[in-house]
Amino acid sequence: MKVIILAAGVGKRMSAVTNSIPKCLIKIGKKTLLENYLESFSALGLQDIVIVVGHHKEKIQEMLKNRGASFNIRYIENEQYTKGSILSFVVCQK
């Protein structure tokens with residue numbers, strides 16, 4: 001089974017924070033949302049992950065370069081990430 005993470009959006013409602021980082025890298029306690037997701041996936045035995053990136057994609061990729069080694073991660077870029085998350089899902093299906 002594959003996991004799909006839609007992480008391309010800007011996060012307009014959280015713009016005070018998401019201007020400089022993607023929403024999935026916001027920390028809740030000591031860990032980012034993405035780190036929490038990965039821990040949950042690992043506990044469930046899910047290793048194949050597709051991440052649709054866009055806004056600040058390089059920051060997501062950099063973070064996972066160090067922490068995502070135990071996963072098989074594939075990135076798909078949504079170049080039209082400002083138009084809504086449904087496009088991220090469509091891009092992922094191709």
# chains A, B, ... in the order shown; residues from 1 in each chain; ligands from 1
>>> closest_atom_pairs(of="region 8-53 of chain A", to="region 71-92 of chain A", cutoff="12 Å", atoms="only C-alpha atoms", output="Markdown table")
| residue | atom | partner | partner_atom | distance |
| --- | --- | --- | --- | --- |
| A:Ala8 | CA | A:Tyr81 | CA | 5.6 |
| A:Gly9 | CA | A:Tyr81 | CA | 5.4 |
| A:Val10 | CA | A:Thr82 | CA | 6.7 |
| A:Gly11 | CA | A:Thr82 | CA | 9.4 |
| A:Lys12 | CA | A:Thr82 | CA | 9.6 |
| A:Pro22 | CA | A:Tyr81 | CA | 11.8 |
| A:Leu38 | CA | A:Phe71 | CA | 8.6 |
| A:Glu39 | CA | A:Phe71 | CA | 10.7 |
| A:Phe41 | CA | A:Phe71 | CA | 9.5 |
| A:Ser42 | CA | A:Phe71 | CA | 8.3 |
| A:Gly45 | CA | A:Phe71 | CA | 10.1 |
| A:Leu46 | CA | A:Phe71 | CA | 8.2 |
| A:Gln47 | CA | A:Phe71 | CA | 4.8 |
| A:Asp48 | CA | A:Asn72 | CA | 4.9 |
| A:Ile49 | CA | A:Ile73 | CA | 4.8 |
| A:Val50 | CA | A:Arg74 | CA | 4.8 |
| A:Ile51 | CA | A:Tyr75 | CA | 5.0 |
| A:Val52 | CA | A:Ile76 | CA | 4.7 |
| A:Val53 | CA | A:Glu77 | CA | 4.9 |
>>> select_by_dssp(residues="region 51-80 of chain A", states="alpha helix (DSSP H)", output="VMD selection string")
chain A and resid 57 to 67
>>> write_last_selection(atoms="N, CA and C atoms", output="PDB file, in the first residue's frame")
ATOM      1  N   LYS A  57       9.147  23.404  -1.723  1.00  0.00           N
ATOM      2  CA  LYS A  57       9.437  21.970  -1.897  1.00  0.00           C
ATOM      3  C   LYS A  57      10.834  21.595  -1.444  1.00  0.00           C
ATOM      4  N   GLU A  58      11.794  22.492  -1.665  1.00  0.00           N
ATOM      5  CA  GLU A  58      13.184  22.189  -1.301  1.00  0.00           C
ATOM      6  C   GLU A  58      13.347  21.996   0.202  1.00  0.00           C
ATOM      7  N   LYS A  59      12.541  22.671   0.997  1.00  0.00           N
ATOM      8  CA  LYS A  59      12.630  22.517   2.456  1.00  0.00           C
ATOM      9  C   LYS A  59      12.116  21.148   2.899  1.00  0.00           C
ATOM     10  N   ILE A  60      11.083  20.675   2.241  1.00  0.00           N
ATOM     11  CA  ILE A  60      10.566  19.336   2.544  1.00  0.00           C
ATOM     12  C   ILE A  60      11.600  18.287   2.153  1.00  0.00           C
ATOM     13  N   GLN A  61      12.144  18.424   0.962  1.00  0.00           N
ATOM     14  CA  GLN A  61      13.133  17.456   0.486  1.00  0.00           C
ATOM     15  C   GLN A  61      14.384  17.467   1.356  1.00  0.00           C
ATOM     16  N   GLU A  62      14.812  18.634   1.781  1.00  0.00           N
ATOM     17  CA  GLU A  62      15.995  18.732   2.643  1.00  0.00           C
ATOM     18  C   GLU A  62      15.749  18.052   3.991  1.00  0.00           C
ATOM     19  N   MET A  63      14.593  18.289   4.578  1.00  0.00           N
ATOM     20  CA  MET A  63      14.283  17.667   5.863  1.00  0.00           C
ATOM     21  C   MET A  63      14.256  16.144   5.732  1.00  0.00           C
ATOM     22  N   LEU A  64      13.670  15.648   4.653  1.00  0.00           N
ATOM     23  CA  LEU A  64      13.556  14.203   4.486  1.00  0.00           C
ATOM     24  C   LEU A  64      14.862  13.549   4.053  1.00  0.00           C
ATOM     25  N   LYS A  65      15.783  14.329   3.538  1.00  0.00           N
ATOM     26  CA  LYS A  65      17.091  13.783   3.186  1.00  0.00           C
ATOM     27  C   LYS A  65      17.755  13.185   4.423  1.00  0.00           C
ATOM     28  N   ASN A  66      17.519  13.806   5.569  1.00  0.00           N
ATOM     29  CA  ASN A  66      18.117  13.359   6.822  1.00  0.00           C
ATOM     30  C   ASN A  66      17.229  12.400   7.606  1.00  0.00           C
ATOM     31  N   ARG A  67      15.919  12.482   7.428  1.00  0.00           N
ATOM     32  CA  ARG A  67      15.008  11.726   8.290  1.00  0.00           C
ATOM     33  C   ARG A  67      14.170  10.678   7.572  1.00  0.00           C
TER      34      ARG A  67
END
>>> closest_residue(among="A:Leu44, A:Ala69, A:Leu34, A:Ile21", to="Ile5 (chain A)", atoms="only C-alpha atoms")
A:Leu34
>>> closest_residue(among="A:Leu6, A:Arg13, A:His56, A:Ser20", to="Tyr37 (chain A)", atoms="only C-alpha atoms")
A:Leu6
>>> select_by_dssp(residues="chain A", states="strand (DSSP E or B)", output="list in words")
Lys2, Val3, Ile4, Ile5, Leu6, Ala7, Lys27, Ile28, Lys31, Thr32, Asp48, Ile49, Val50, Ile51, Val52, Val53, Asn72, Ile73, Arg74, Tyr75, Ile76 and Glu77 of chain A
>>> decode(residues="chain A", atoms="C-alpha atoms", output="PDB file, in the first residue's frame")
ATOM      1  CA  MET A   1       0.000   0.000   0.000  1.00  0.00           C
ATOM      2  CA  LYS A   2       1.214   3.506  -0.829  1.00  0.00           C
ATOM      3  CA  VAL A   3       0.708   6.627   1.216  1.00  0.00           C
ATOM      4  CA  ILE A   4      -0.004   9.912  -0.556  1.00  0.00           C
ATOM      5  CA  ILE A   5       0.819  13.154   1.238  1.00  0.00           C
ATOM      6  CA  LEU A   6      -0.514  16.336  -0.351  1.00  0.00           C
ATOM      7  CA  ALA A   7       2.112  18.872   0.746  1.00  0.00           C
ATOM      8  CA  ALA A   8       2.148  21.336  -2.140  1.00  0.00           C
ATOM      9  CA  GLY A   9      -0.155  24.089  -0.874  1.00  0.00           C
ATOM     10  CA  VAL A  10       0.678  27.505   0.494  1.00  0.00           C
ATOM     11  CA  GLY A  11      -1.439  27.313   3.646  1.00  0.00           C
ATOM     12  CA  LYS A  12      -2.977  30.785   3.260  1.00  0.00           C
ATOM     13  CA  ARG A  13      -4.862  30.676   6.560  1.00  0.00           C
ATOM     14  CA  MET A  14      -1.547  30.165   8.353  1.00  0.00           C
ATOM     15  CA  SER A  15       0.384  32.666   6.239  1.00  0.00           C
ATOM     16  CA  ALA A  16       2.170  34.223   9.221  1.00  0.00           C
ATOM     17  CA  VAL A  17       3.994  30.905   9.576  1.00  0.00           C
ATOM     18  CA  THR A  18       3.806  29.388   6.098  1.00  0.00           C
ATOM     19  CA  ASN A  19       5.408  32.300   4.251  1.00  0.00           C
ATOM     20  CA  SER A  20       8.783  30.823   5.186  1.00  0.00           C
ATOM     21  CA  ILE A  21       8.030  27.085   5.562  1.00  0.00           C
ATOM     22  CA  PRO A  22       5.486  24.623   4.186  1.00  0.00           C
ATOM     23  CA  LYS A  23       2.596  23.721   6.451  1.00  0.00           C
ATOM     24  CA  CYS A  24       3.811  20.138   6.945  1.00  0.00           C
ATOM     25  CA  LEU A  25       7.007  21.471   8.565  1.00  0.00           C
ATOM     26  CA  ILE A  26       5.182  23.369  11.307  1.00  0.00           C
ATOM     27  CA  LYS A  27       6.207  22.017  14.680  1.00  0.00           C
ATOM     28  CA  ILE A  28       3.649  20.628  17.083  1.00  0.00           C
ATOM     29  CA  GLY A  29       5.611  20.156  20.275  1.00  0.00           C
ATOM     30  CA  LYS A  30       9.097  18.963  19.338  1.00  0.00           C
ATOM     31  CA  LYS A  31       8.239  17.405  15.965  1.00  0.00           C
ATOM     32  CA  THR A  32       6.947  18.651  12.652  1.00  0.00           C
ATOM     33  CA  LEU A  33       3.614  17.485  11.292  1.00  0.00           C
ATOM     34  CA  LEU A  34       5.521  15.537   8.651  1.00  0.00           C
ATOM     35  CA  GLU A  35       7.671  13.781  11.256  1.00  0.00           C
ATOM     36  CA  ASN A  36       4.516  12.800  13.134  1.00  0.00           C
ATOM     37  CA  TYR A  37       2.984  11.432   9.918  1.00  0.00           C
ATOM     38  CA  LEU A  38       6.116   9.396   9.177  1.00  0.00           C
ATOM     39  CA  GLU A  39       6.161   7.909  12.662  1.00  0.00           C
ATOM     40  CA  SER A  40       2.537   6.850  12.269  1.00  0.00           C
ATOM     41  CA  PHE A  41       3.190   5.339   8.840  1.00  0.00           C
ATOM     42  CA  SER A  42       6.219   3.468  10.149  1.00  0.00           C
ATOM     43  CA  ALA A  43       4.208   2.050  13.056  1.00  0.00           C
ATOM     44  CA  LEU A  44       1.658   0.782  10.529  1.00  0.00           C
ATOM     45  CA  GLY A  45       4.361  -0.772   8.354  1.00  0.00           C
ATOM     46  CA  LEU A  46       3.796   1.669   5.499  1.00  0.00           C
ATOM     47  CA  GLN A  47       7.057   2.404   3.679  1.00  0.00           C
ATOM     48  CA  ASP A  48       6.061   3.547   0.160  1.00  0.00           C
ATOM     49  CA  ILE A  49       5.274   7.242   0.270  1.00  0.00           C
ATOM     50  CA  VAL A  50       4.393   9.667  -2.502  1.00  0.00           C
ATOM     51  CA  ILE A  51       4.672  13.325  -1.527  1.00  0.00           C
ATOM     52  CA  VAL A  52       3.156  15.950  -3.799  1.00  0.00           C
ATOM     53  CA  VAL A  53       5.272  19.072  -3.319  1.00  0.00           C
ATOM     54  CA  GLY A  54       5.068  22.671  -4.497  1.00  0.00           C
ATOM     55  CA  HIS A  55       5.391  25.565  -2.043  1.00  0.00           C
ATOM     56  CA  HIS A  56       8.887  25.458  -0.471  1.00  0.00           C
ATOM     57  CA  LYS A  57       9.437  21.970  -1.897  1.00  0.00           C
ATOM     58  CA  GLU A  58      13.184  22.189  -1.301  1.00  0.00           C
ATOM     59  CA  LYS A  59      12.630  22.517   2.456  1.00  0.00           C
ATOM     60  CA  ILE A  60      10.566  19.336   2.544  1.00  0.00           C
ATOM     61  CA  GLN A  61      13.133  17.456   0.486  1.00  0.00           C
ATOM     62  CA  GLU A  62      15.995  18.732   2.643  1.00  0.00           C
ATOM     63  CA  MET A  63      14.283  17.667   5.863  1.00  0.00           C
ATOM     64  CA  LEU A  64      13.556  14.203   4.486  1.00  0.00           C
ATOM     65  CA  LYS A  65      17.091  13.783   3.186  1.00  0.00           C
ATOM     66  CA  ASN A  66      18.117  13.359   6.822  1.00  0.00           C
ATOM     67  CA  ARG A  67      15.008  11.726   8.290  1.00  0.00           C
ATOM     68  CA  GLY A  68      13.348   9.742   5.540  1.00  0.00           C
ATOM     69  CA  ALA A  69      15.976   7.043   4.985  1.00  0.00           C
ATOM     70  CA  SER A  70      13.757   4.193   6.168  1.00  0.00           C
ATOM     71  CA  PHE A  71      11.073   5.053   3.597  1.00  0.00           C
ATOM     72  CA  ASN A  72      10.784   4.693  -0.154  1.00  0.00           C
ATOM     73  CA  ILE A  73       9.843   8.305  -0.943  1.00  0.00           C
ATOM     74  CA  ARG A  74       8.856   9.581  -4.371  1.00  0.00           C
ATOM     75  CA  TYR A  75       8.256  13.271  -5.007  1.00  0.00           C
ATOM     76  CA  ILE A  76       5.774  14.609  -7.519  1.00  0.00           C
ATOM     77  CA  GLU A  77       5.758  18.341  -8.178  1.00  0.00           C
ATOM     78  CA  ASN A  78       2.521  20.269  -8.568  1.00  0.00           C
ATOM     79  CA  GLU A  79       3.642  23.393 -10.407  1.00  0.00           C
ATOM     80  CA  GLN A  80       0.139  24.857 -10.065  1.00  0.00           C
ATOM     81  CA  TYR A  81       0.010  24.457  -6.280  1.00  0.00           C
ATOM     82  CA  THR A  82      -1.614  27.871  -5.772  1.00  0.00           C
ATOM     83  CA  LYS A  83      -4.799  26.636  -7.456  1.00  0.00           C
ATOM     84  CA  GLY A  84      -5.868  24.210  -4.731  1.00  0.00           C
ATOM     85  CA  SER A  85      -5.190  20.776  -3.338  1.00  0.00           C
ATOM     86  CA  ILE A  86      -7.437  18.925  -5.772  1.00  0.00           C
ATOM     87  CA  LEU A  87      -4.838  19.572  -8.472  1.00  0.00           C
ATOM     88  CA  SER A  88      -2.225  17.899  -6.287  1.00  0.00           C
ATOM     89  CA  PHE A  89      -4.379  14.800  -6.238  1.00  0.00           C
ATOM     90  CA  VAL A  90      -4.847  14.920 -10.018  1.00  0.00           C
ATOM     91  CA  VAL A  91      -1.086  15.347 -10.601  1.00  0.00           C
ATOM     92  CA  CYS A  92      -0.460  12.386  -8.312  1.00  0.00           C
ATOM     93  CA  GLN A  93      -2.689  10.112 -10.385  1.00  0.00           C
ATOM     94  CA  LYS A  94      -0.658  10.600 -13.580  1.00  0.00           C
TER      95      LYS A  94
END
